[in-house]
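Student: What follows is model_29.pdb; its format and atoms are PDB, C-alpha atoms and all ligand atoms.
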ATOM      1  CA  MET V   2       6.931 124.545 103.981
ATOM      2  CA  PRO V   3       4.633 124.015 102.123
ATOM      3  CA  GLU V   4       3.436 125.410  98.816
ATOM      4  CA  ILE V   5      -0.315 126.077  98.811
ATOM      5  CA  VAL V   6      -2.443 125.954  95.678
ATOM      6  CA  LEU V   7      -6.087 126.967  95.436
ATOM      7  CA  GLN V   8      -7.923 125.808  92.368
ATOM      8  CA  GLY V   9     -11.336 127.253  91.588
ATOM      9  CA  VAL V  10     -12.249 127.522  95.280
ATOM     10  CA  THR V  11     -15.754 128.783  96.049
ATOM     11  CA  LYS V  12     -17.407 129.202  99.458
ATOM     12  CA  ARG V  13     -21.003 130.345  99.847
ATOM     13  CA  PHE V  14     -23.043 131.220 102.903
ATOM     14  CA  GLY V  15     -26.653 131.052 101.694
ATOM     15  CA  SER V  16     -26.954 133.691  99.004
ATOM     16  CA  VAL V  17     -23.569 135.283  99.841
ATOM     17  CA  THR V  18     -20.547 134.079  97.882
ATOM     18  CA  ALA V  19     -17.679 134.842 100.265
ATOM     19  CA  VAL V  20     -14.934 133.311  98.100
ATOM     20  CA  GLU V  21     -15.567 132.942  94.393
ATOM     21  CA  ASP V  22     -13.770 130.643  91.999
ATOM     22  CA  LEU V  23     -10.409 131.577  93.488
ATOM     23  CA  THR V  24      -7.262 130.205  91.891
ATOM     24  CA  ALA V  25      -3.884 131.110  93.369
ATOM     25  CA  ARG V  26      -0.473 129.761  94.248
ATOM     26  CA  ILE V  27       1.236 130.667  97.509
ATOM     27  CA  LEU V  28       4.872 129.709  97.279
ATOM     28  CA  ASP V  29       6.750 127.586  99.756
ATOM     29  CA  ARG V  30       8.251 129.851 102.449
ATOM     30  CA  GLU V  31       6.529 132.918 101.091
ATOM     31  CA  PHE V  32       5.114 135.755 103.171
ATOM     32  CA  PHE V  33       1.843 136.266 101.312
ATOM     33  CA  VAL V  34      -0.405 139.151 102.343
ATOM     34  CA  VAL V  35      -4.103 139.349 101.499
ATOM     35  CA  VAL V  36      -5.452 142.880 101.657
ATOM     36  CA  GLY V  37      -8.954 144.105 100.906
ATOM     37  CA  PRO V  38     -12.010 145.886 102.246
ATOM     38  CA  THR V  39     -14.258 144.549 104.957
ATOM     39  CA  GLY V  40     -16.461 141.648 103.875
ATOM     40  CA  CYS V  41     -14.389 140.736 100.801
ATOM     41  CA  GLY V  42     -13.742 137.187 102.044
ATOM     42  CA  LYS V  43     -10.347 137.341 103.758
ATOM     43  CA  THR V  44     -11.280 135.492 106.948
ATOM     44  CA  THR V  45     -13.273 132.928 104.978
ATOM     45  CA  LEU V  46     -10.201 132.270 102.844
ATOM     46  CA  LEU V  47      -8.006 131.682 105.919
ATOM     47  CA  LYS V  48     -10.606 129.353 107.452
ATOM     48  CA  LEU V  49     -10.684 127.352 104.230
ATOM     49  CA  LEU V  50      -6.893 127.022 104.394
ATOM     50  CA  ALA V  51      -7.063 126.050 108.069
ATOM     51  CA  GLY V  52      -9.728 123.413 107.432
ATOM     52  CA  LEU V  53     -12.294 125.151 109.640
ATOM     53  CA  LEU V  54     -14.511 125.538 106.576
ATOM     54  CA  GLN V  55     -14.829 123.305 103.532
ATOM     55  CA  PRO V  56     -15.112 124.717 100.012
ATOM     56  CA  ASP V  57     -18.361 124.203  98.089
ATOM     57  CA  GLN V  58     -16.300 123.846  94.948
ATOM     58  CA  GLY V  59     -12.655 123.604  94.065
ATOM     59  CA  LYS V  60      -9.554 122.085  95.574
ATOM     60  CA  ILE V  61      -6.876 123.148  98.012
ATOM     61  CA  TYR V  62      -3.436 121.535  97.768
ATOM     62  CA  PHE V  63      -0.544 121.565 100.229
ATOM     63  CA  ASP V  64       2.623 120.475  98.439
ATOM     64  CA  GLY V  65       0.614 118.871  95.679
ATOM     65  CA  THR V  66      -1.685 116.860  97.966
ATOM     66  CA  VAL V  67      -5.385 117.685  98.185
ATOM     67  CA  VAL V  68      -6.259 118.703 101.742
ATOM     68  CA  ASN V  69     -10.026 119.134 101.258
ATOM     69  CA  GLY V  70     -11.695 117.246 104.096
ATOM     70  CA  LEU V  71      -8.515 117.062 106.176
ATOM     71  CA  PRO V  72      -9.230 118.347 109.715
ATOM     72  CA  PRO V  73      -7.305 121.391 111.004
ATOM     73  CA  ARG V  74      -5.009 119.431 113.333
ATOM     74  CA  GLU V  75      -3.758 117.294 110.440
ATOM     75  CA  ARG V  76      -2.828 120.258 108.259
ATOM     76  CA  GLY V  77       0.076 121.589 110.337
ATOM     77  CA  VAL V  78      -1.421 125.084 110.328
ATOM     78  CA  ARG V  79      -1.725 127.600 113.096
ATOM     79  CA  MET V  80      -4.200 130.449 112.877
ATOM     80  CA  VAL V  81      -4.307 133.652 114.877
ATOM     81  CA  PHE V  82      -7.924 134.728 114.776
ATOM     82  CA  GLN V  83      -9.400 138.129 114.296
ATOM     83  CA  GLY V  84     -11.837 139.319 116.938
ATOM     84  CA  GLN V  85     -12.213 139.648 120.635
ATOM     85  CA  ASP V  86     -11.307 136.327 122.194
ATOM     86  CA  TYR V  87      -8.609 135.159 119.707
ATOM     87  CA  ALA V  88      -9.486 131.579 120.650
ATOM     88  CA  LEU V  89      -7.476 131.887 123.864
ATOM     89  CA  TYR V  90      -8.329 129.406 126.611
ATOM     90  CA  PRO V  91     -10.482 131.493 128.964
ATOM     91  CA  HIS V  92      -9.894 129.346 132.063
ATOM     92  CA  LEU V  93      -6.094 129.272 131.754
ATOM     93  CA  GLU V  94      -3.579 131.879 132.861
ATOM     94  CA  VAL V  95      -1.400 133.655 130.326
ATOM     95  CA  TYR V  96       1.762 131.794 131.267
ATOM     96  CA  ASP V  97       3.087 129.264 133.724
ATOM     97  CA  PRO V  98       5.966 127.064 132.521
ATOM     98  CA  ARG V  99       4.980 124.172 134.777
ATOM     99  CA  ARG V 100       1.273 124.069 134.097
ATOM    100  CA  TRP V 101      -1.174 124.245 131.239
ATOM    101  CA  SER V 102      -1.390 127.924 130.389
ATOM    102  CA  ASN V 103      -2.145 129.807 127.199
ATOM    103  CA  LEU V 104       1.485 130.297 126.213
ATOM    104  CA  SER V 105       2.797 126.919 127.369
ATOM    105  CA  PHE V 106      -0.102 124.963 125.855
ATOM    106  CA  PRO V 107       1.318 123.989 122.430
ATOM    107  CA  LEU V 108       4.621 122.920 124.031
ATOM    108  CA  LYS V 109       3.041 120.966 126.873
ATOM    109  CA  LEU V 110       0.858 119.206 124.357
ATOM    110  CA  ARG V 111       4.075 117.969 122.764
ATOM    111  CA  GLY V 112       5.379 116.822 126.146
ATOM    112  CA  GLU V 113       8.185 119.377 126.374
ATOM    113  CA  ARG V 114       9.947 119.827 129.725
ATOM    114  CA  ALA V 115       9.453 122.969 131.811
ATOM    115  CA  SER V 116      13.008 124.186 131.089
ATOM    116  CA  ARG V 117      12.497 123.968 127.359
ATOM    117  CA  ILE V 118       9.060 125.580 127.607
ATOM    118  CA  GLN V 119      10.601 128.383 129.616
ATOM    119  CA  ALA V 120      13.322 129.006 127.044
ATOM    120  CA  ARG V 121      10.895 129.075 124.115
ATOM    121  CA  VAL V 122       8.121 131.091 125.721
ATOM    122  CA  GLU V 123      10.370 133.616 127.380
ATOM    123  CA  GLY V 124      12.112 134.385 124.072
ATOM    124  CA  VAL V 125       8.755 135.046 122.415
ATOM    125  CA  VAL V 126       7.423 137.036 125.359
ATOM    126  CA  ARG V 127      10.459 139.307 125.274
ATOM    127  CA  ARG V 128      10.193 139.871 121.564
ATOM    128  CA  LEU V 129       6.524 140.734 121.673
ATOM    129  CA  GLY V 130       6.807 142.835 124.814
ATOM    130  CA  ILE V 131       4.375 140.856 126.978
ATOM    131  CA  PRO V 132       5.129 142.039 130.546
ATOM    132  CA  PRO V 133       5.523 139.355 133.261
ATOM    133  CA  ALA V 134       2.867 141.183 135.282
ATOM    134  CA  LEU V 135       0.315 139.693 132.876
ATOM    135  CA  PHE V 136       1.426 136.072 133.273
ATOM    136  CA  SER V 137      -0.959 135.188 136.084
ATOM    137  CA  ARG V 138      -4.013 136.777 134.446
ATOM    138  CA  ARG V 139      -6.732 135.014 132.525
ATOM    139  CA  PRO V 140      -7.809 136.268 129.086
ATOM    140  CA  GLY V 141     -10.910 137.943 130.569
ATOM    141  CA  GLU V 142      -8.575 140.167 132.573
ATOM    142  CA  LEU V 143      -6.635 141.450 129.538
ATOM    143  CA  SER V 144      -7.211 144.351 127.172
ATOM    144  CA  ALA V 145      -7.873 143.613 123.505
ATOM    145  CA  GLY V 146      -4.294 144.493 122.543
ATOM    146  CA  GLN V 147      -2.848 142.337 125.333
ATOM    147  CA  LYS V 148      -5.014 139.398 124.272
ATOM    148  CA  GLN V 149      -3.892 139.863 120.713
ATOM    149  CA  ARG V 150      -0.246 139.728 121.734
ATOM    150  CA  VAL V 151      -0.807 136.586 123.806
ATOM    151  CA  ALA V 152      -2.566 134.930 120.860
ATOM    152  CA  LEU V 153       0.314 135.845 118.566
ATOM    153  CA  GLY V 154       2.784 134.597 121.180
ATOM    154  CA  ARG V 155       0.985 131.272 121.482
ATOM    155  CA  ALA V 156       1.222 130.856 117.718
ATOM    156  CA  MET V 157       4.929 131.700 117.744
ATOM    157  CA  VAL V 158       6.132 129.362 120.517
ATOM    158  CA  LEU V 159       5.798 126.319 118.312
ATOM    159  CA  PRO V 160       6.124 127.309 114.665
ATOM    160  CA  PRO V 161       3.783 125.384 112.381
ATOM    161  CA  LYS V 162       4.152 124.453 108.712
ATOM    162  CA  VAL V 163       1.774 127.257 107.768
ATOM    163  CA  PHE V 164       0.984 130.439 109.665
ATOM    164  CA  LEU V 165      -2.434 132.000 109.076
ATOM    165  CA  LEU V 166      -2.673 135.438 110.638
ATOM    166  CA  ASP V 167      -5.966 137.332 110.534
ATOM    167  CA  GLU V 168      -5.313 141.016 111.263
ATOM    168  CA  PRO V 169      -3.139 140.001 114.215
ATOM    169  CA  LEU V 170      -2.054 143.548 115.058
ATOM    170  CA  SER V 171      -5.284 145.485 114.657
ATOM    171  CA  HIS V 172      -5.718 146.260 118.362
ATOM    172  CA  LEU V 173      -2.163 147.339 119.096
ATOM    173  CA  ASP V 174      -1.117 150.959 119.475
ATOM    174  CA  PRO V 175       1.300 152.249 116.798
ATOM    175  CA  PRO V 176       4.605 151.564 118.668
ATOM    176  CA  ALA V 177       3.513 148.062 119.741
ATOM    177  CA  ARG V 178       2.266 147.439 116.235
ATOM    178  CA  ALA V 179       5.552 148.481 114.655
ATOM    179  CA  ARG V 180       7.461 146.270 117.082
ATOM    180  CA  ALA V 181       5.220 143.228 116.567
ATOM    181  CA  ARG V 182       5.432 143.716 112.796
ATOM    182  CA  GLN V 183       9.230 143.646 112.989
ATOM    183  CA  GLU V 184       9.117 140.501 115.109
ATOM    184  CA  ILE V 185       6.789 138.767 112.685
ATOM    185  CA  ARG V 186       9.065 139.713 109.826
ATOM    186  CA  ARG V 187      12.187 138.584 111.726
ATOM    187  CA  LEU V 188      10.551 135.307 112.690
ATOM    188  CA  HIS V 189       9.715 134.698 109.063
ATOM    189  CA  HIS V 190      13.316 135.381 108.033
ATOM    190  CA  GLU V 191      14.487 132.839 110.588
ATOM    191  CA  LEU V 192      11.967 130.084 110.033
ATOM    192  CA  ARG V 193      10.688 130.672 106.505
ATOM    193  CA  THR V 194       7.287 129.294 107.435
ATOM    194  CA  THR V 195       4.773 129.779 104.634
ATOM    195  CA  THR V 196       2.640 132.639 105.947
ATOM    196  CA  VAL V 197      -0.712 134.013 104.839
ATOM    197  CA  TYR V 198      -1.330 137.337 106.520
ATOM    198  CA  VAL V 199      -4.624 139.217 106.294
ATOM    199  CA  THR V 200      -4.954 142.964 106.743
ATOM    200  CA  HIS V 201      -7.095 145.947 105.729
ATOM    201  CA  ASP V 202      -4.013 148.068 105.652
ATOM    202  CA  LEU V 203      -2.100 148.431 102.406
ATOM    203  CA  ALA V 204       0.853 150.080 104.168
ATOM    204  CA  GLU V 205       1.195 146.974 106.355
ATOM    205  CA  ALA V 206       0.775 144.729 103.313
ATOM    206  CA  PHE V 207       3.566 146.535 101.477
ATOM    207  CA  LEU V 208       5.877 146.430 104.488
ATOM    208  CA  LEU V 209       5.427 142.733 105.210
ATOM    209  CA  GLY V 210       4.577 140.953 101.991
ATOM    210  CA  ASP V 211       6.889 139.170  99.604
ATOM    211  CA  ARG V 212       3.762 139.299  97.470
ATOM    212  CA  VAL V 213       0.433 140.918  98.057
ATOM    213  CA  ALA V 214      -3.010 139.841  96.836
ATOM    214  CA  VAL V 215      -5.614 142.571  96.584
ATOM    215  CA  MET V 216      -8.988 140.946  97.247
ATOM    216  CA  ARG V 217     -12.392 142.237  96.308
ATOM    217  CA  ALA V 218     -15.761 140.469  96.524
ATOM    218  CA  GLY V 219     -14.316 136.975  96.917
ATOM    219  CA  LYS V 220     -11.668 137.229  94.209
ATOM    220  CA  PHE V 221      -8.067 138.307  93.903
ATOM    221  CA  VAL V 222      -8.023 141.287  91.559
ATOM    222  CA  GLN V 223      -4.224 141.479  91.549
ATOM    223  CA  VAL V 224      -1.354 139.426  92.938
ATOM    224  CA  GLY V 225       2.150 140.836  92.802
ATOM    225  CA  THR V 226       5.120 142.257  94.647
ATOM    226  CA  PRO V 227       4.449 145.508  96.511
ATOM    227  CA  LYS V 228       6.358 147.329  93.763
ATOM    228  CA  GLU V 229       4.304 145.752  90.982
ATOM    229  CA  ILE V 230       1.073 146.708  92.708
ATOM    230  CA  ARG V 231       2.246 150.222  93.479
ATOM    231  CA  ASP V 232       3.639 150.892  90.011
ATOM    232  CA  HIS V 233       1.176 148.925  87.880
ATOM    233  CA  PRO V 234      -2.242 148.632  89.511
ATOM    234  CA  ALA V 235      -4.286 146.091  87.555
ATOM    235  CA  ASP V 236      -7.531 148.052  87.552
ATOM    236  CA  ALA V 237      -9.271 151.153  88.855
ATOM    237  CA  PHE V 238     -10.093 149.479  92.201
ATOM    238  CA  VAL V 239      -6.433 148.703  92.955
ATOM    239  CA  ALA V 240      -5.371 152.116  91.672
ATOM    240  CA  GLU V 241      -7.815 153.778  94.070
ATOM    241  CA  PHE V 242      -6.578 151.607  96.959
ATOM    242  CA  VAL V 243      -2.962 152.591  96.187
ATOM    243  CA  ARG V 244      -3.910 156.257  95.777
ATOM    244  CA  ALA V 245      -5.661 156.308  99.158
ATOM    245  CA  TYR V 246      -2.587 154.701 100.734
ATOM    246  CA  GLN V 247      -0.251 157.274  99.186
ATOM    247  CA  GLU V 248      -2.589 160.063 100.239
ATOM    248  CA  GLY V 249      -2.397 158.688 103.796
ATOM    249  CA  LEU V 250       1.409 158.706 103.607
ATOM    250  CA  LYS V 251       1.374 162.338 102.494
ATOM    251  CA  GLN V 252      -0.773 163.268 105.453
ATOM    252  CA  ALA V 253       1.571 161.435 107.789
ATOM    253  CA  PHE V 254       4.669 163.028 106.228
ATOM    254  CA  PRO V 255       3.646 166.373 104.768
ATOM    255  CA  GLY V 256       6.132 167.697 102.272
ATOM    256  CA  ALA V 257       7.493 164.236 101.447
ATOM    257  CA  PRO V 258       7.866 163.680  97.684
TER     258      PRO V 258
HETATM  259  N1  LIG V 301     -20.744 132.082 108.951
HETATM  260  C1  LIG V 301     -21.233 132.954 108.051
HETATM  261  N2  LIG V 301     -22.534 132.948 107.726
HETATM  262  C2  LIG V 301     -23.025 133.800 106.808
HETATM  263  N3  LIG V 301     -22.297 134.689 106.139
HETATM  264  C3  LIG V 301     -20.988 134.756 106.430
HETATM  265  C4  LIG V 301     -20.379 133.907 107.399
HETATM  266  N4  LIG V 301     -19.064 134.190 107.468
HETATM  267  C5  LIG V 301     -18.861 135.186 106.578
HETATM  268  N5  LIG V 301     -20.003 135.529 105.953
HETATM  269  C6  LIG V 301     -20.138 136.560 104.898
HETATM  270  O1  LIG V 301     -19.176 136.291 103.906
HETATM  271  C7  LIG V 301     -18.578 137.497 103.429
HETATM  272  C8  LIG V 301     -17.078 137.448 103.679
HETATM  273  O2  LIG V 301     -16.838 137.469 105.097
HETATM  274  P1  LIG V 301     -15.371 137.461 105.718
HETATM  275  O3  LIG V 301     -15.529 137.344 107.179
HETATM  276  O4  LIG V 301     -14.576 136.425 105.026
HETATM  277  O5  LIG V 301     -14.861 138.910 105.299
HETATM  278  P2  LIG V 301     -13.509 139.662 105.682
HETATM  279  O6  LIG V 301     -12.844 140.055 104.408
HETATM  280  O7  LIG V 301     -12.725 138.845 106.622
HETATM  281  O8  LIG V 301     -14.055 140.977 106.402
HETATM  282  P3  LIG V 301     -13.402 141.839 107.607
HETATM  283  O9  LIG V 301     -12.308 142.651 106.989
HETATM  284  O10 LIG V 301     -14.538 142.693 108.075
HETATM  285  O11 LIG V 301     -12.920 140.887 108.653
HETATM  286  C9  LIG V 301     -19.302 138.624 104.162
HETATM  287  O12 LIG V 301     -20.345 139.085 103.333
HETATM  288  C10 LIG V 301     -19.843 137.946 105.405
HETATM  289  O13 LIG V 301     -21.002 138.600 105.863
HETATM  290 MG    MG V 302     -12.153 139.101 108.583
END
I'd like the structure from this file rewritten - as C-alpha cells, please.
Ligand SMILES: Nc1ncnc2c1ncn2[C@@H]1O[C@H](COP(=O)(O)OP(=O)(O)OP(=O)(O)O)[C@@H](O)[C@H]1O
Ligand SMILES: [Mg+2]
Tutor:
Amino acid sequence: MPEIVLQGVTKRFGSVTAVEDLTARILDREFFVVVGPTGCGKTTLLKLLAGLLQPDQGKIYFDGTVVNGLPPRERGVRMVFQGQDYALYPHLEVYDPRRWSNLSFPLKLRGERASRIQARVEGVVRRLGIPPALFSRRPGELSAGQKQRVALGRAMVLPPKVFLLDEPLSHLDPPARARARQEIRRLHHELRTTTVYVTHDLAEAFLLGDRVAVMRAGKFVQVGTPKEIRDHPADAFVAEFVRAYQEGLKQAFPGAP
C-alpha cells in the first residue's frame, strides 16, 4: 500500500526548478528506484512525497486521494534521510528495549511492550548486522556507516505504508552494502510496502528496482524495468548512463562478456 500518483508536480527554490512538471505512477507494492546525477531533484522528490515540502504546482495522490497539504505524520510514510545525521535522535542511545532509544522509538510511541519491542528490534538488528556493542552509544559516537544502519533499522522496526529511502547505503563498505541491500529486498518481498528508493548508482537501481526512473534536471527521462532501460535507453543521456555502468562492470570483472 498504496499507489502513488504525481501529476504535473513542480517544486522551485528561487530560480532553481528542482522538480519540473513531473507526472508518474508508482504502483501499489512496487519497489521503485529513482536514479540520477547529483542535483537532479531526487531528494526534493522524496520530500514532496513525505510532505516535508509542498509542490508549487501539481498534485500528489495516495490511492486516489490528494495528499497535498497533509502533514508527514498523516501520510503513513517513513523516510530514511541522506546525509550525516539521518534524523537520528542525538540525545538517545541506539537501543534499549525498556526506554526511549533510537531503535525502540517508533514502537514505544505505539505503546508496545518491552518484550514485543525486543522481538522486533532484535530481528532487524541481526539482519542489518548492528553489533550489540553499539546499543549504548549515542549517534554522535557512531561512524557514518553505523549511523546509516541505525537509521535504516529504525525505519524497518515498524513498517510504514510507504518507505522513502534516500541513498540509505551510501556510507557502507561493499560487504555491508551487499548485505543491507539483500535485507531491504527481502523485507520488501515479505511486506510489499510501496518503496521509493533513491540512488546515484545504476547497478544498485538495476539490482533492487521492479522499475527504475532515470531522472535528469527535475524530470524523469525514462521509466521502465531494468531490462527495458538496459536494452532500450530512451535517449542519449540514458544510453550514456547505461554505458558507463557496463564499463564499470567490465572493470570489475575483466574478461566477462
Ligand atoms: N532548500 C533548498 N534551497 C535552495 N535550493 C535547493 C534546496 N534544496 C535543493 N535545492 C536545489 O534543488 C536542486 C535539486 O536538489 P536535490 O537535493 O533534490 O538533488 P539530489 O538529486 O537529491 O542531489 P544529490 O544526489 O546530490 O543528493 C539542486 O539544484 C539543489 O541545489
Ligand atoms: Mg539528494
Student: Got a sec to resolve the PyMOL selection byres (((chain V and resi 8-14) around 6) and not hetatm) on this structure and send the residues as a ChimeraX atom specification?
Tutor: /V:7,15,17-24,56-60
Student: Please determine an axis-aligned box that encloses all atoms of ligand LIG 301 (chain V) listed in the file, with 5 Å added on each side, and express its centre and edge lengths in Å to one decimal as lines of an AutoDock Vina configuration file.
Tutor:
center_x = -17.7
center_y = 137.4
center_z = 106.1
size_x = 20.7
size_y = 20.6
size_z = 15.6
Student: Could you name the residues that touch segment 104-113 of chain V at 7 Å or less, counting only C-alpha atoms, but leaving out those on the same chain fewer than 4 positions away, as a ChimeraX atom specification?
Tutor: /V:95-98,117-118,122,154-155,159
Student: Translate the PyMOL selection byres (((not hetatm)) within 9 of (chain V and resi 301)) into a concrete residue list for this structure, as number ranges by chain.
Tutor: V: 12-20, 36-48, 83-84, 167-168, 199-201, 216-219
Student: On this structure, the PyMOL selection byres (((chain V and resi 131) around 12) and not hetatm) would catch which residues? List them as a PyMOL selection string, sorted by chain and number.
Tutor: chain V and resi 95-96+104+122-130+132-138+143+146-155+177+180-181
Student: Mind giving me the straight-line distance from atom CA of Tyr90 of chain V to atom CA of Phe164 of chain V in Å, one decimal?
Tutor: 19.4 Å
Student: Hey, can you check how far atom CA of Ala235 of chain V sits from atom CA of Phe207 of chain V?
Tutor: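 If I compute the distance from atom CA of Ala235 of chain V to atom CA of Phe207 of chain V, I get 16.0 Å.
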Student: Closest to ligand MG 302 (chain V) among V:Val35, V:Leu93, V:Ala245, V:Met2, using all atoms listed in the file?
Tutor: V:Val35
Student: Could you check the closest approach to ligand MG 302 (chain V) for each of V:Ala156, V:Ala120, V:Ala240, V:Val81 and tell me which residue wins, using all atoms listed in the file?
Tutor: V:Val81
Student: Between V:Leu50, V:Ala237, V:Arg139, V:Ala145, which one has atoms that come closest to Met80 of chain V, using only C-alpha atoms?
Tutor: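 Among the listed residues, the smallest separation from Met80 of chain V belongs to V:Leu50.
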Student: Using only C-alpha atoms and all ligand atoms, pick whichever of V:Ala51, V:Leu166, V:Val6, V:Ala25 has the shortest atom-to-atom distance to ligand MG 302 (chain V).
Tutor: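 Closest candidate: V:Leu166.
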Student: Compare V:Phe238, V:Arg99, V:Ile27, V:Phe32 by their minimum atom-to-atom distance to Ile185 of chain V, counting all atoms listed in the file, and give me the closest one.
Tutor: V:Phe32
Student: Using only C-alpha atoms, which residues sit within 6 Å of Val213 of chain V once same-chain residues fewer than 2 positions away are excluded, as a list in words?
Tutor: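 With the cut-off at 6 Å, the set is Phe33, Val34, Val35, Gly210, Val224, Gly225 and Thr226 of chain V.
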Student: Atom CA of Asp29 of chain V to atom CA of Pro3 of chain V: how many Å, to one decimal?
Tutor: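 Distance reported for this atom pair: 4.8 Å.
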Student: Between V:Pro169, V:Pro227, V:Ala204, V:Pro176, single out the one closest to ligand MG 302 (chain V), counting all atoms listed in the file.
Tutor: V:Pro169
Student: I'd like the contact shell of Lys162 of chain V - 12 Å cut-off, all atoms listed in the file, skipping same-chain residues fewer than 4 positions apart - returned as a list in words.
Tutor: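 Residues near the query, excluding close chain neighbours: Met2, Pro3, Glu4, Ile5, Asp29, Arg30, Glu31, Ala51, Phe63, Asp64, Arg74, Glu75, Arg76, Gly77, Val78, Arg79, Met80, Ala156, Met157, His189, Leu192, Arg193, Thr194, Thr195, Thr196 and Val197 of chain V.
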Student: Output requested as a short mmCIF file (atom, residue, chain, number, x, y, z; two decimals), keeping the file's coordinate frame - segment 39-59 of chain V, filled out with N, CA and C atoms.
Tutor:
data_model
loop_
_atom_site.label_atom_id
_atom_site.label_comp_id
_atom_site.auth_asym_id
_atom_site.auth_seq_id
_atom_site.Cartn_x
_atom_site.Cartn_y
_atom_site.Cartn_z
N THR V 39 -13.48 145.40 104.07
CA THR V 39 -14.26 144.55 104.96
C THR V 39 -15.31 143.76 104.17
N GLY V 40 -15.45 142.49 104.52
CA GLY V 40 -16.46 141.65 103.88
C GLY V 40 -16.04 141.04 102.55
N CYS V 41 -14.77 141.23 102.14
CA CYS V 41 -14.39 140.74 100.80
C CYS V 41 -14.04 139.25 100.81
N GLY V 42 -13.96 138.63 102.01
CA GLY V 42 -13.74 137.19 102.04
C GLY V 42 -12.41 136.75 102.63
N LYS V 43 -11.70 137.65 103.27
CA LYS V 43 -10.35 137.34 103.76
C LYS V 43 -10.37 136.26 104.85
N THR V 44 -11.23 136.47 105.85
CA THR V 44 -11.28 135.49 106.95
C THR V 44 -11.78 134.14 106.44
N THR V 45 -12.76 134.19 105.55
CA THR V 45 -13.27 132.93 104.98
C THR V 45 -12.15 132.17 104.28
N LEU V 46 -11.33 132.90 103.54
CA LEU V 46 -10.20 132.27 102.84
C LEU V 46 -9.26 131.60 103.85
N LEU V 47 -8.91 132.29 104.93
CA LEU V 47 -8.01 131.68 105.92
C LEU V 47 -8.64 130.44 106.54
N LYS V 48 -9.95 130.52 106.84
CA LYS V 48 -10.61 129.35 107.45
C LYS V 48 -10.65 128.17 106.50
N LEU V 49 -10.74 128.44 105.21
CA LEU V 49 -10.68 127.35 104.23
C LEU V 49 -9.29 126.71 104.24
N LEU V 50 -8.26 127.57 104.36
CA LEU V 50 -6.89 127.02 104.39
C LEU V 50 -6.66 126.24 105.68
N ALA V 51 -7.25 126.72 106.77
CA ALA V 51 -7.06 126.05 108.07
C ALA V 51 -7.84 124.74 108.15
N GLY V 52 -8.88 124.60 107.33
CA GLY V 52 -9.73 123.41 107.43
C GLY V 52 -10.91 123.61 108.36
N LEU V 53 -11.13 124.86 108.78
CA LEU V 53 -12.29 125.15 109.64
C LEU V 53 -13.56 125.28 108.81
N LEU V 54 -13.39 125.54 107.53
CA LEU V 54 -14.51 125.54 106.58
C LEU V 54 -14.10 124.66 105.40
N GLN V 55 -15.10 124.09 104.74
CA GLN V 55 -14.83 123.30 103.53
C GLN V 55 -15.36 124.05 102.32
N PRO V 56 -14.60 124.03 101.21
CA PRO V 56 -15.11 124.72 100.01
C PRO V 56 -16.34 124.01 99.44
N ASP V 57 -17.23 124.80 98.81
CA ASP V 57 -18.36 124.20 98.09
C ASP V 57 -17.87 123.64 96.76
N GLN V 58 -16.91 124.34 96.19
CA GLN V 58 -16.30 123.85 94.95
C GLN V 58 -14.81 124.11 95.01
N GLY V 59 -14.08 123.34 94.21
CA GLY V 59 -12.66 123.60 94.06
C GLY V 59 -11.80 122.78 95.00
#
